[in-house]
Amino acid sequence: MITPENPSHGAGSADAPAARRAVSGLQAAAEAALREGNLAVAEKTIAEVANRYQELGSSRRLADALVLQGDIARAAGDLAGAERHFRAALRAFFLLEDRYAAARLLSTLGDLHFVEGDYAAAADLNRQAVERMPGDSSALTRLAYAEWYAGSPADGEAVFDLVLRWDPNIGLALAGRGQIRTDLGRYELALEDLDRALTSQLSHEAEIDARSARALALAGLGRIAEAEDELATALRMDPKRARTRLRAGRMAAVLGDQERMRAELKRGLMADPSLPLLEQESARRILHRFGAE
């Protein structure tokens with residue numbers, strides 16, 4: 001039986017430290033190749049690393065190598081391969097009873113499903129991560145987004161509330177809660193969240209979404225010139241983003257510009273990548289209301 005750090009299968013105990021050092025060097029080379037974008041070399045090297053750790057019976061190091069294999073596969077766009085490697089690593093971390101590493105990997109798997117648009121699976125995986133790390137704000141924030149995108153904005157808002165009670169300055173959580181509050185028409189509260197979120201270090205896409213939501217909230221409060229300026233900023237940052245087009249259409253509806261509303265909502269519905277089902281349904285409800293489907 002292979003046990004953590006217990007050599008077996010072809011490596012004598014006297015040779016094991018030297019063998020592990022050699023494999024560690026190979027793993028460092030795989031990591032460097034990944035950083036440099038040389039994915040073919042990284043993939044070939046980490047596969048050899050995983051095989052050698054398997055032969056050495058080093059479960060901990062094998063699990064870490066499997067995680068790196070998953071990262072390389074994900075960077076190459078092979079999401080199925082990434083999930084296969086991550087799940088193999090997850091099984092190893094379960095056997096090692098490493099709750100922290102398992103929780104981190106569950107969130108990573110959740111990210112894969114989120115990218116693929118399987119928000120229910122992403123929520124379930126992040127919920128499992130939170131069960132193992134109840135106070136982890138990153139896993140909770142991921143859970144909140146997944147629940148929101150899966151069609152439960154109220155549940156998403158409740159989880160964002162929990163995150164922000166623990167740390168009121170997490171920009172991604174503020175941006176998420178602000179967007180939900182905008183969608184629910186609670187514009188003053190939404191602006192408080194979104195203004196604070198935009199003072200933090202958001203990713204490019206998160207900033208665009210915060211700005212388009214802010215534009216819609218400003219329009220809802222009658223601050224039209226500010227709303228148009230904020231929407232223009234969001235569109236300059238990425239004119240093809242579906243969520244921005246959806247909010248531009250909703251803003252046009254608030255302003256009574258039905259022609260612009262129809263054009264923007266249809267552009268949002270046809271965009272690639274597509275909107276989550278919750279937002280597609282919102283766009284179609286507005287179009288149906290105005291007889292524009």
# chains A, B, ... in the order shown; residues from 1 in each chain; ligands from 1
call {"tool": "residues_around", "arguments": {"residues": "Glu264 (chain A)", "least_positions_apart": "4", "cutoff": "8 Å", "atoms": "only C-alpha atoms", "output": "number ranges by chain"}}
result
A: 245-246, 248-249, 260, 268
call {"tool": "select_by_dssp", "arguments": {"residues": "region 163-249 of chain A", "states": "alpha helix (DSSP H)", "output": "MDAnalysis selection string"}}
result
chainID A and resid 163:166 171:183 187:197 204:220 224:237 242:249
call {"tool": "closest_atom_pairs", "arguments": {"of": "region 96-182 of chain A", "to": "region 63-67 of chain A", "cutoff": "10 Å", "atoms": "only C-alpha atoms", "output": "JSON lines"}}
result
{"residue": "A:Leu96", "atom": "CA", "partner": "A:Ala63", "partner_atom": "CA", "distance": 9.5}
{"residue": "A:Ala101", "atom": "CA", "partner": "A:Asp64", "partner_atom": "CA", "distance": 9.5}
{"residue": "A:Leu105", "atom": "CA", "partner": "A:Val67", "partner_atom": "CA", "distance": 8.2}
{"residue": "A:Thr108", "atom": "CA", "partner": "A:Val67", "partner_atom": "CA", "distance": 9.8}
call {"tool": "atom_distance", "arguments": {"atom1": "CA of Leu34 (chain A)", "atom2": "CA of Asp118 (chain A)"}}
result
26.9 Å
call {"tool": "closest_residue", "arguments": {"among": "A:Asp136, A:Glu279, A:Asp161, A:Glu147", "to": "Ala122 (chain A)", "atoms": "only C-alpha atoms"}}
result
A:Glu147
call {"tool": "residues_around", "arguments": {"residues": "Ala252 (chain A)", "least_positions_apart": "6", "cutoff": "12 Å", "atoms": "only C-alpha atoms", "output": "list in words"}}
result
Ala215, Leu216, Ala219, Gly220, Ile224, Ala227, Glu228, Leu231, Arg245, Leu246, Gln258, Glu259, Arg260, Met261, Arg262, Ala263, Glu264, Leu265, Ile286 and Leu287 of chain A
call {"tool": "atom_distance", "arguments": {"atom1": "CA of Ser282 (chain A)", "atom2": "CA of Leu184 (chain A)"}}
result
11.5 Å
call {"tool": "closest_residue", "arguments": {"among": "A:Met133, A:Ala158, A:Ala82, A:Ala144", "to": "Leu172 (chain A)", "atoms": "only C-alpha atoms"}}
result
A:Ala144
call {"tool": "closest_residue", "arguments": {"among": "A:Pro134, A:Gly37, A:Pro273, A:Gly222", "to": "Val159 (chain A)", "atoms": "only C-alpha atoms"}}
result
A:Pro134
call {"tool": "residues_around", "arguments": {"residues": "Ser274 (chain A)", "least_positions_apart": "5", "cutoff": "9 Å", "atoms": "only C-alpha atoms", "output": "ChimeraX atom specification"}}
result
/A:117,242-243,268-269,280
call {"tool": "write_last_selection", "arguments": {"atoms": "C-alpha atoms", "output": "short mmCIF file (atom, residue, chain, number, x, y, z; two decimals), in the first residue's frame"}}
result
data_model
loop_
_atom_site.label_atom_id
_atom_site.label_comp_id
_atom_site.auth_asym_id
_atom_site.auth_seq_id
_atom_site.Cartn_x
_atom_site.Cartn_y
_atom_site.Cartn_z
CA GLY A 117 -22.21 27.82 -17.10
CA ALA A 242 -23.62 40.64 -22.82
CA ARG A 243 -24.40 41.83 -19.30
CA GLY A 268 -27.33 40.96 -25.08
CA LEU A 269 -29.30 37.79 -25.83
CA GLN A 280 -31.84 35.80 -20.30
#
call {"tool": "residues_around", "arguments": {"residues": "region 24-29 of chain A", "least_positions_apart": "5", "cutoff": "8 Å", "atoms": "only C-alpha atoms", "output": "list in words"}}
result
Ala42, Thr45, Ile46, Val49 and Ala65 of chain A
call {"tool": "closest_residue", "arguments": {"among": "A:Ala16, A:Val23, A:Met237, A:Leu109", "to": "Arg87 (chain A)", "atoms": "only C-alpha atoms"}}
result
A:Leu109
call {"tool": "residues_around", "arguments": {"residues": "region 185-188 of chain A", "least_positions_apart": "4", "cutoff": "8 Å", "atoms": "only C-alpha atoms", "output": "PyMOL selection string"}}
result
chain A and resi 181+192+217-218+220-221
call {"tool": "closest_residue", "arguments": {"among": "A:Arg99, A:Arg211, A:Arg247, A:Arg104", "to": "Phe86 (chain A)", "atoms": "only C-alpha atoms"}}
result
A:Arg104
call {"tool": "atom_distance", "arguments": {"atom1": "CA of Arg74 (chain A)", "atom2": "CA of Leu62 (chain A)"}}
result
18.3 Å
call {"tool": "residues_around", "arguments": {"residues": "Ala146 (chain A)", "least_positions_apart": "4", "cutoff": "10 Å", "atoms": "only C-alpha atoms", "output": "PDB file with N, CA and C atoms, in the first residue's frame"}}
result
ATOM      1  N   GLY A 110     -15.337  24.158  -8.546  1.00  0.00           N
ATOM      2  CA  GLY A 110     -16.491  25.029  -8.705  1.00  0.00           C
ATOM      3  C   GLY A 110     -16.257  26.080  -9.769  1.00  0.00           C
ATOM      4  N   ASP A 111     -15.040  26.633  -9.817  1.00  0.00           N
ATOM      5  CA  ASP A 111     -14.704  27.623 -10.843  1.00  0.00           C
ATOM      6  C   ASP A 111     -14.818  27.040 -12.243  1.00  0.00           C
ATOM      7  N   HIS A 113     -16.802  24.637 -13.276  1.00  0.00           N
ATOM      8  CA  HIS A 113     -18.221  24.516 -13.631  1.00  0.00           C
ATOM      9  C   HIS A 113     -18.859  25.889 -13.844  1.00  0.00           C
ATOM     10  N   PHE A 114     -18.405  26.885 -13.081  1.00  0.00           N
ATOM     11  CA  PHE A 114     -18.926  28.244 -13.257  1.00  0.00           C
ATOM     12  C   PHE A 114     -18.605  28.749 -14.658  1.00  0.00           C
ATOM     13  N   GLY A 117     -20.811  27.444 -17.220  1.00  0.00           N
ATOM     14  CA  GLY A 117     -22.210  27.819 -17.101  1.00  0.00           C
ATOM     15  C   GLY A 117     -23.054  26.856 -16.296  1.00  0.00           C
ATOM     16  N   ASP A 118     -22.414  25.896 -15.634  1.00  0.00           N
ATOM     17  CA  ASP A 118     -23.136  24.949 -14.775  1.00  0.00           C
ATOM     18  C   ASP A 118     -23.120  25.512 -13.352  1.00  0.00           C
ATOM     19  N   TYR A 119     -23.981  26.499 -13.115  1.00  0.00           N
ATOM     20  CA  TYR A 119     -23.936  27.250 -11.862  1.00  0.00           C
ATOM     21  C   TYR A 119     -24.440  26.433 -10.672  1.00  0.00           C
ATOM     22  N   ALA A 120     -25.364  25.509 -10.912  1.00  0.00           N
ATOM     23  CA  ALA A 120     -25.845  24.664  -9.821  1.00  0.00           C
ATOM     24  C   ALA A 120     -24.716  23.791  -9.288  1.00  0.00           C
ATOM     25  N   ALA A 121     -23.934  23.195 -10.206  1.00  0.00           N
ATOM     26  CA  ALA A 121     -22.793  22.381  -9.780  1.00  0.00           C
ATOM     27  C   ALA A 121     -21.744  23.247  -9.092  1.00  0.00           C
ATOM     28  N   ALA A 122     -21.510  24.443  -9.614  1.00  0.00           N
ATOM     29  CA  ALA A 122     -20.540  25.356  -8.989  1.00  0.00           C
ATOM     30  C   ALA A 122     -20.969  25.696  -7.571  1.00  0.00           C
ATOM     31  N   ALA A 123     -22.269  25.936  -7.374  1.00  0.00           N
ATOM     32  CA  ALA A 123     -22.768  26.248  -6.038  1.00  0.00           C
ATOM     33  C   ALA A 123     -22.583  25.064  -5.101  1.00  0.00           C
ATOM     34  N   ASP A 124     -22.883  23.863  -5.589  1.00  0.00           N
ATOM     35  CA  ASP A 124     -22.751  22.670  -4.749  1.00  0.00           C
ATOM     36  C   ASP A 124     -21.298  22.449  -4.330  1.00  0.00           C
ATOM     37  N   LEU A 125     -20.371  22.608  -5.255  1.00  0.00           N
ATOM     38  CA  LEU A 125     -18.955  22.397  -4.936  1.00  0.00           C
ATOM     39  C   LEU A 125     -18.450  23.444  -3.952  1.00  0.00           C
ATOM     40  N   ASN A 126     -18.856  24.685  -4.138  1.00  0.00           N
ATOM     41  CA  ASN A 126     -18.426  25.725  -3.201  1.00  0.00           C
ATOM     42  C   ASN A 126     -19.094  25.567  -1.837  1.00  0.00           C
ATOM     43  N   ARG A 127     -20.307  25.019  -1.835  1.00  0.00           N
ATOM     44  CA  ARG A 127     -20.966  24.740  -0.552  1.00  0.00           C
ATOM     45  C   ARG A 127     -20.186  23.678   0.217  1.00  0.00           C
ATOM     46  N   LEU A 140     -16.914  31.484   0.123  1.00  0.00           N
ATOM     47  CA  LEU A 140     -18.257  32.032   0.333  1.00  0.00           C
ATOM     48  C   LEU A 140     -18.642  32.988  -0.802  1.00  0.00           C
ATOM     49  N   THR A 141     -17.701  33.808  -1.238  1.00  0.00           N
ATOM     50  CA  THR A 141     -17.998  34.736  -2.332  1.00  0.00           C
ATOM     51  C   THR A 141     -18.301  33.976  -3.615  1.00  0.00           C
ATOM     52  N   ARG A 142     -17.522  32.927  -3.881  1.00  0.00           N
ATOM     53  CA  ARG A 142     -17.797  32.089  -5.048  1.00  0.00           C
ATOM     54  C   ARG A 142     -19.173  31.437  -4.933  1.00  0.00           C
ATOM     55  N   ALA A 150     -27.305  30.858 -10.605  1.00  0.00           N
ATOM     56  CA  ALA A 150     -28.139  29.663 -10.752  1.00  0.00           C
ATOM     57  C   ALA A 150     -29.625  29.985 -10.636  1.00  0.00           C
ATOM     58  N   GLY A 151     -29.952  31.228 -10.293  1.00  0.00           N
ATOM     59  CA  GLY A 151     -31.350  31.629 -10.244  1.00  0.00           C
ATOM     60  C   GLY A 151     -31.881  31.963  -8.870  1.00  0.00           C
ATOM     61  N   SER A 152     -30.997  32.127  -7.887  1.00  0.00           N
ATOM     62  CA  SER A 152     -31.431  32.438  -6.519  1.00  0.00           C
ATOM     63  C   SER A 152     -30.729  33.692  -6.015  1.00  0.00           C
ATOM     64  N   PRO A 153     -31.109  34.874  -6.549  1.00  0.00           N
ATOM     65  CA  PRO A 153     -30.447  36.104  -6.103  1.00  0.00           C
ATOM     66  C   PRO A 153     -30.609  36.362  -4.606  1.00  0.00           C
ATOM     67  N   ASP A 155     -30.716  34.122  -2.196  1.00  0.00           N
ATOM     68  CA  ASP A 155     -29.711  33.300  -1.514  1.00  0.00           C
ATOM     69  C   ASP A 155     -28.316  33.884  -1.708  1.00  0.00           C
ATOM     70  N   GLY A 156     -28.045  34.339  -2.921  1.00  0.00           N
ATOM     71  CA  GLY A 156     -26.751  34.958  -3.181  1.00  0.00           C
ATOM     72  C   GLY A 156     -26.534  36.178  -2.307  1.00  0.00           C
TER      73      GLY A 156
END
call {"tool": "closest_residue", "arguments": {"among": "A:Leu191, A:Leu275, A:Ala80, A:Gly135", "to": "Leu112 (chain A)", "atoms": "only C-alpha atoms"}}
result
A:Ala80
